[in-house]
Amino acid sequence: MSPRLPMGVATTCKRPGMFDTLSSGLRYFQYRCGVYPAATGTARTALSLLRPTFSLLMALLFVAGCAGMDPGDGPTIGEVDTPRINAAQAALAAEDPSSALTLLRRAAAETAEPAATGLQLEAALLALMVDDSDPATEWLGSRYADAGEANALISAMVRVRLGELDGPDAIRALTPTRNPDQLPQRLIPFQLDTLATLEAGEGHWQRAVDHRLAMAEHAPPGWVQRLNEARLWEALMDAPLSDLREAGRHARTEPLKGWLDLAITIREQALEPNGAALALESWRIDQPSHPASPLLETRVVAMHRADLSPPARIGVLLPLSGELGSAGRAIQRGILAAYHADSDARRRPELFFVDTGDEGMPAPAAYREAVARGALQVIGPLTKSALRDLIAGGNLDVPVLALNRVDDVEVPPAVHQFGLAPEDDARAAATLALALGYERMAILSSADDWGKRVAAAFKARLEENGGQVVGHSRYADDQEDMSAPVRELFHLDLSTERQSRLQSVTGLRVHFEDRRREDMDAVFLGAFETNARLVTPQVRFQRGLNLPVLATSQAYPRNASRQANEDLEGAMIMRMPWLLEGPMPTRVESARDQLESAAEAGSSDLVALGVDAFQLLGPLRIMQREPSLRAQGSTGAIQLGADNEVRRSLLPTRVTRSGLRPLNLPGSDGAPSYLP
């Protein structure tokens, strides 16, 4: 039986009511039944007095109820499984991010919080891929953006892509500490991709590679996997080569070891024309099941070919007229020989020459002319004075490969200095001396500026590697009798003085045989051919019959004769490969063939300088990245040193009666021993 309503209370409730007691004189139905008091008189007065208190009480109850609500109490994004999400994944796999983000937004509209905001943030990630940042900005402002571990991780990824979060803070934000499994599997590749990018930015290439390998294991969509593979390769190319070698010795997994081996091989062969293709062929034989894609292999070969290609337009500044015209034309012949040696005419750049000789332009004006004609690279100038003038002119926006060196001015980064500096020969001779165990060296050099530079370079290289110069004697450039400087160096004059003193004291005629000093292992000779042919016999005659003699390339004639070979017999001479008989790199041989087919003289060292100057333009970019690599050229093994100086390593030879013969060093197994 329904309870009867008390007198004076009206209701719209159509079903049995429930009521609570507010006070002893006032009863009412629950609000959901639509009950309101219809009191009159004393009751109405009491109600009006209680209404403010009642409103305040209800407001406090509402606020307290809201404060107790946790944004994370609903489903997380990882707990939502709807057909729309599956369809979004299929669209993403089909490389259709626009459809995928639309499907994610629809799924969000059908889902409770905080999963709804998580799905909207996931859609915002995809929107950023198509350069739409508005959804990301909108949903990062949601009160559910950081509700739970999963949403916080997605928000961090979005903030990183917006540039709002970076560095160690971003890495910490993307590394879950409580519930890493809350993030859906489909989002883990994006998390790992973001972490890899951040670690690479911090210089942690190994962590970046680890993240990318882990990302590949989660089987992301094909296009994401291709992008991940490309970025993995980029990280391996940016890592220091020495670090790669060390990591390769301690690789934890076969896929990682395969990647490291491939990267090391490719980078070690970077200066060889077909180095990438040959390295990949050999590597794939050893790693037949490695996950590297054929597409990546194709790209590696293409990138290697592009790295070695010279710039599209090259201007050459050479003295083609006047006193230095013959030297400039010899270099020009070498450049043209190297230019035509490339059998693929489509890869040849545009090449033009600007005369800086007596009838031409000063170097700064010639440089501006080359730039005005569209040069992307400049070769030259040739002389030290022209190079100083060019540097003083400033505004060197187009890179320069100078054919000489200066050390008395500040050289801008755009200038690489390359030339046939005799200091290269002297340093190589010092390296040879140490390799043969000659640690105590005597120096005999000309007294002019050339002799001083050569002697200083030899001494510096010897001493910085533990050797010692025990004596140094000099001779005048026009000196014909070389016995005096040799005797002075060997201390034979001191022996003669001792004989004279002894005879004056005793009054007896003393039988005497002078002896040279015994504290030297060998002699370094800084001399051109004429003086070298005078000094070397004197070394033998002045008690140095078995004393080794080392010399720079300038000591041996370009066109040897039988008499020159006899005078210099036994001396060890540093020599560029171009001036020796024997195999050379294919590209160098091709340049020599071009000269022979044109019936032009190619034995000059300046021709070799021209060949290398052209063929270095591509490899120079690689050597800047890989300073440990050496390019095998016509003037020697070439390496980029400090301050953009191009250094040459030369081949040691020994003079015999039949000419120069290669000198094989201990442990070389007969291979050419290029000495820096």
# chains A, B, ... in the order shown; residues from 1 in each chain; ligands from 1

call {"tool": "residues_around", "arguments": {"residues": "A:Ala263", "least_positions_apart": "6", "cutoff": "9 Å", "atoms": "only C-alpha atoms", "output": "number ranges by chain"}}
result
A: 233, 236-237, 241, 244

call {"tool": "select_by_dssp", "arguments": {"residues": "stretch 386-561 of chain A", "states": "helix (DSSP H, G or I)", "output": "PyMOL selection string"}}
result
chain A and resi 386-393+422-435+449-464+483-490+492-506+529-541+553-555

call {"tool": "closest_residue", "arguments": {"among": "A:Ile391, A:Ala277, A:Met129, A:Ala555", "to": "A:Glu569", "atoms": "only C-alpha atoms"}}
result
A:Ala555

call {"tool": "select_by_dssp", "arguments": {"residues": "stretch 178-426 of chain A", "states": "strand (DSSP E or B)", "output": "PDB file with N, CA and C atoms, in the first residue's frame"}}
result
ATOM      1  N   ARG A 313      80.358  22.510 -61.533  1.00  0.00           N
ATOM      2  CA  ARG A 313      81.080  23.512 -62.323  1.00  0.00           C
ATOM      3  C   ARG A 313      82.334  23.917 -61.566  1.00  0.00           C
ATOM      4  N   ILE A 314      83.494  23.828 -62.242  1.00  0.00           N
ATOM      5  CA  ILE A 314      84.791  24.043 -61.583  1.00  0.00           C
ATOM      6  C   ILE A 314      85.570  25.098 -62.347  1.00  0.00           C
ATOM      7  N   GLY A 315      86.066  26.091 -61.611  1.00  0.00           N
ATOM      8  CA  GLY A 315      86.947  27.088 -62.187  1.00  0.00           C
ATOM      9  C   GLY A 315      88.370  26.869 -61.707  1.00  0.00           C
ATOM     10  N   VAL A 316      89.344  26.934 -62.630  1.00  0.00           N
ATOM     11  CA  VAL A 316      90.751  26.671 -62.310  1.00  0.00           C
ATOM     12  C   VAL A 316      91.558  27.939 -62.529  1.00  0.00           C
ATOM     13  N   LEU A 317      92.279  28.379 -61.489  1.00  0.00           N
ATOM     14  CA  LEU A 317      93.116  29.579 -61.562  1.00  0.00           C
ATOM     15  C   LEU A 317      94.570  29.142 -61.688  1.00  0.00           C
ATOM     16  N   LEU A 318      95.165  29.354 -62.889  1.00  0.00           N
ATOM     17  CA  LEU A 318      96.541  28.933 -63.137  1.00  0.00           C
ATOM     18  C   LEU A 318      97.284  29.993 -63.946  1.00  0.00           C
ATOM     19  N   GLU A 350      81.349  20.822 -65.618  1.00  0.00           N
ATOM     20  CA  GLU A 350      81.819  21.865 -66.530  1.00  0.00           C
ATOM     21  C   GLU A 350      83.130  22.405 -65.982  1.00  0.00           C
ATOM     22  N   LEU A 351      84.127  22.553 -66.841  1.00  0.00           N
ATOM     23  CA  LEU A 351      85.474  22.930 -66.410  1.00  0.00           C
ATOM     24  C   LEU A 351      85.970  24.107 -67.241  1.00  0.00           C
ATOM     25  N   PHE A 352      86.473  25.148 -66.577  1.00  0.00           N
ATOM     26  CA  PHE A 352      87.050  26.270 -67.317  1.00  0.00           C
ATOM     27  C   PHE A 352      88.271  26.809 -66.569  1.00  0.00           C
ATOM     28  N   PHE A 353      89.149  27.505 -67.307  1.00  0.00           N
ATOM     29  CA  PHE A 353      90.420  27.994 -66.770  1.00  0.00           C
ATOM     30  C   PHE A 353      90.463  29.513 -66.834  1.00  0.00           C
ATOM     31  N   VAL A 354      91.068  30.106 -65.812  1.00  0.00           N
ATOM     32  CA  VAL A 354      91.274  31.552 -65.759  1.00  0.00           C
ATOM     33  C   VAL A 354      92.769  31.789 -65.572  1.00  0.00           C
ATOM     34  N   ASP A 355      93.378  32.571 -66.479  1.00  0.00           N
ATOM     35  CA  ASP A 355      94.822  32.821 -66.452  1.00  0.00           C
ATOM     36  C   ASP A 355      95.168  33.799 -65.328  1.00  0.00           C
ATOM     37  N   GLN A 377      83.335  25.255 -57.248  1.00  0.00           N
ATOM     38  CA  GLN A 377      84.616  24.876 -56.657  1.00  0.00           C
ATOM     39  C   GLN A 377      85.709  25.557 -57.470  1.00  0.00           C
ATOM     40  N   VAL A 378      86.734  26.042 -56.772  1.00  0.00           N
ATOM     41  CA  VAL A 378      87.859  26.677 -57.437  1.00  0.00           C
ATOM     42  C   VAL A 378      89.124  25.897 -57.127  1.00  0.00           C
ATOM     43  N   ILE A 379      89.924  25.610 -58.157  1.00  0.00           N
ATOM     44  CA  ILE A 379      91.254  25.018 -57.991  1.00  0.00           C
ATOM     45  C   ILE A 379      92.277  26.122 -58.251  1.00  0.00           C
ATOM     46  N   VAL A 400      87.880  26.577 -52.052  1.00  0.00           N
ATOM     47  CA  VAL A 400      89.108  26.680 -52.834  1.00  0.00           C
ATOM     48  C   VAL A 400      90.031  25.511 -52.505  1.00  0.00           C
ATOM     49  N   LEU A 401      90.582  24.873 -53.532  1.00  0.00           N
ATOM     50  CA  LEU A 401      91.667  23.915 -53.361  1.00  0.00           C
ATOM     51  C   LEU A 401      92.926  24.583 -53.899  1.00  0.00           C
ATOM     52  N   ALA A 402      93.691  25.214 -53.005  1.00  0.00           N
ATOM     53  CA  ALA A 402      94.898  25.927 -53.417  1.00  0.00           C
ATOM     54  C   ALA A 402      96.002  24.933 -53.736  1.00  0.00           C
ATOM     55  N   VAL A 415      89.269  27.293 -47.549  1.00  0.00           N
ATOM     56  CA  VAL A 415      90.484  27.033 -48.330  1.00  0.00           C
ATOM     57  C   VAL A 415      91.152  25.747 -47.859  1.00  0.00           C
ATOM     58  N   HIS A 416      91.353  24.807 -48.792  1.00  0.00           N
ATOM     59  CA  HIS A 416      92.188  23.632 -48.556  1.00  0.00           C
ATOM     60  C   HIS A 416      93.524  23.863 -49.255  1.00  0.00           C
ATOM     61  N   GLN A 417      94.612  23.569 -48.567  1.00  0.00           N
ATOM     62  CA  GLN A 417      95.950  23.818 -49.112  1.00  0.00           C
ATOM     63  C   GLN A 417      96.592  22.502 -49.553  1.00  0.00           C
TER      64      GLN A 417
END

call {"tool": "residues_around", "arguments": {"residues": "A:Glu423", "least_positions_apart": "3", "cutoff": "10 Å", "atoms": "only C-alpha atoms", "output": "PyMOL selection string"}}
result
chain A and resi 420+426-429+450-451+453-458+552+647-648

call {"tool": "write_last_selection", "arguments": {"atoms": "N, CA and C atoms", "output": "compact mmCIF listing (two decimals), in the first residue's frame"}}
result
# COMPACT_ATOMS: atom_id res chain seq x y z
N LEU A 420 103.03 20.40 -53.66
CA LEU A 420 104.17 19.48 -53.59
C LEU A 420 105.20 20.02 -52.61
N ALA A 426 110.30 15.43 -46.31
CA ALA A 426 111.13 15.37 -45.11
C ALA A 426 110.44 14.60 -44.00
N ARG A 427 109.18 14.83 -43.82
CA ARG A 427 108.45 14.09 -42.78
C ARG A 427 108.41 12.60 -43.09
N ALA A 428 108.20 12.27 -44.37
CA ALA A 428 108.20 10.86 -44.76
C ALA A 428 109.56 10.23 -44.51
N ALA A 429 110.64 10.97 -44.77
CA ALA A 429 111.99 10.44 -44.52
C ALA A 429 112.20 10.18 -43.04
N TRP A 450 114.79 27.02 -48.36
CA TRP A 450 114.30 25.67 -48.67
C TRP A 450 114.94 24.65 -47.74
N GLY A 451 116.27 24.72 -47.55
CA GLY A 451 116.96 23.78 -46.68
C GLY A 451 116.52 23.90 -45.23
N ARG A 453 113.54 24.87 -44.13
CA ARG A 453 112.19 24.30 -44.00
C ARG A 453 112.24 22.78 -43.98
N VAL A 454 113.02 22.20 -44.88
CA VAL A 454 113.12 20.74 -44.96
C VAL A 454 113.73 20.17 -43.68
N ALA A 455 114.82 20.78 -43.21
CA ALA A 455 115.48 20.29 -41.99
C ALA A 455 114.55 20.41 -40.79
N ALA A 456 113.82 21.52 -40.70
CA ALA A 456 112.90 21.71 -39.56
C ALA A 456 111.78 20.67 -39.57
N ALA A 457 111.23 20.38 -40.76
CA ALA A 457 110.16 19.39 -40.85
C ALA A 457 110.66 18.00 -40.46
N PHE A 458 111.86 17.64 -40.92
CA PHE A 458 112.44 16.34 -40.57
C PHE A 458 112.66 16.25 -39.06
N THR A 552 115.20 13.57 -49.66
CA THR A 552 113.90 13.91 -50.24
C THR A 552 113.89 13.59 -51.73
N ARG A 647 97.90 16.49 -46.87
CA ARG A 647 99.23 15.91 -46.66
C ARG A 647 99.42 14.68 -47.54
N ARG A 648 100.66 14.50 -48.02
CA ARG A 648 100.98 13.36 -48.88
C ARG A 648 101.90 12.39 -48.14

call {"tool": "residues_around", "arguments": {"residues": "A:Ile443", "least_positions_apart": "3", "cutoff": "9 Å", "atoms": "only C-alpha atoms", "output": "ChimeraX atom specification"}}
result
/A:455,458-459,469-474,489,522-526

call {"tool": "residues_around", "arguments": {"residues": "A:Ala637", "least_positions_apart": "3", "cutoff": "10 Å", "atoms": "only C-alpha atoms", "output": "PyMOL selection string"}}
result
chain A and resi 576-577+629-634+647-651+673-676
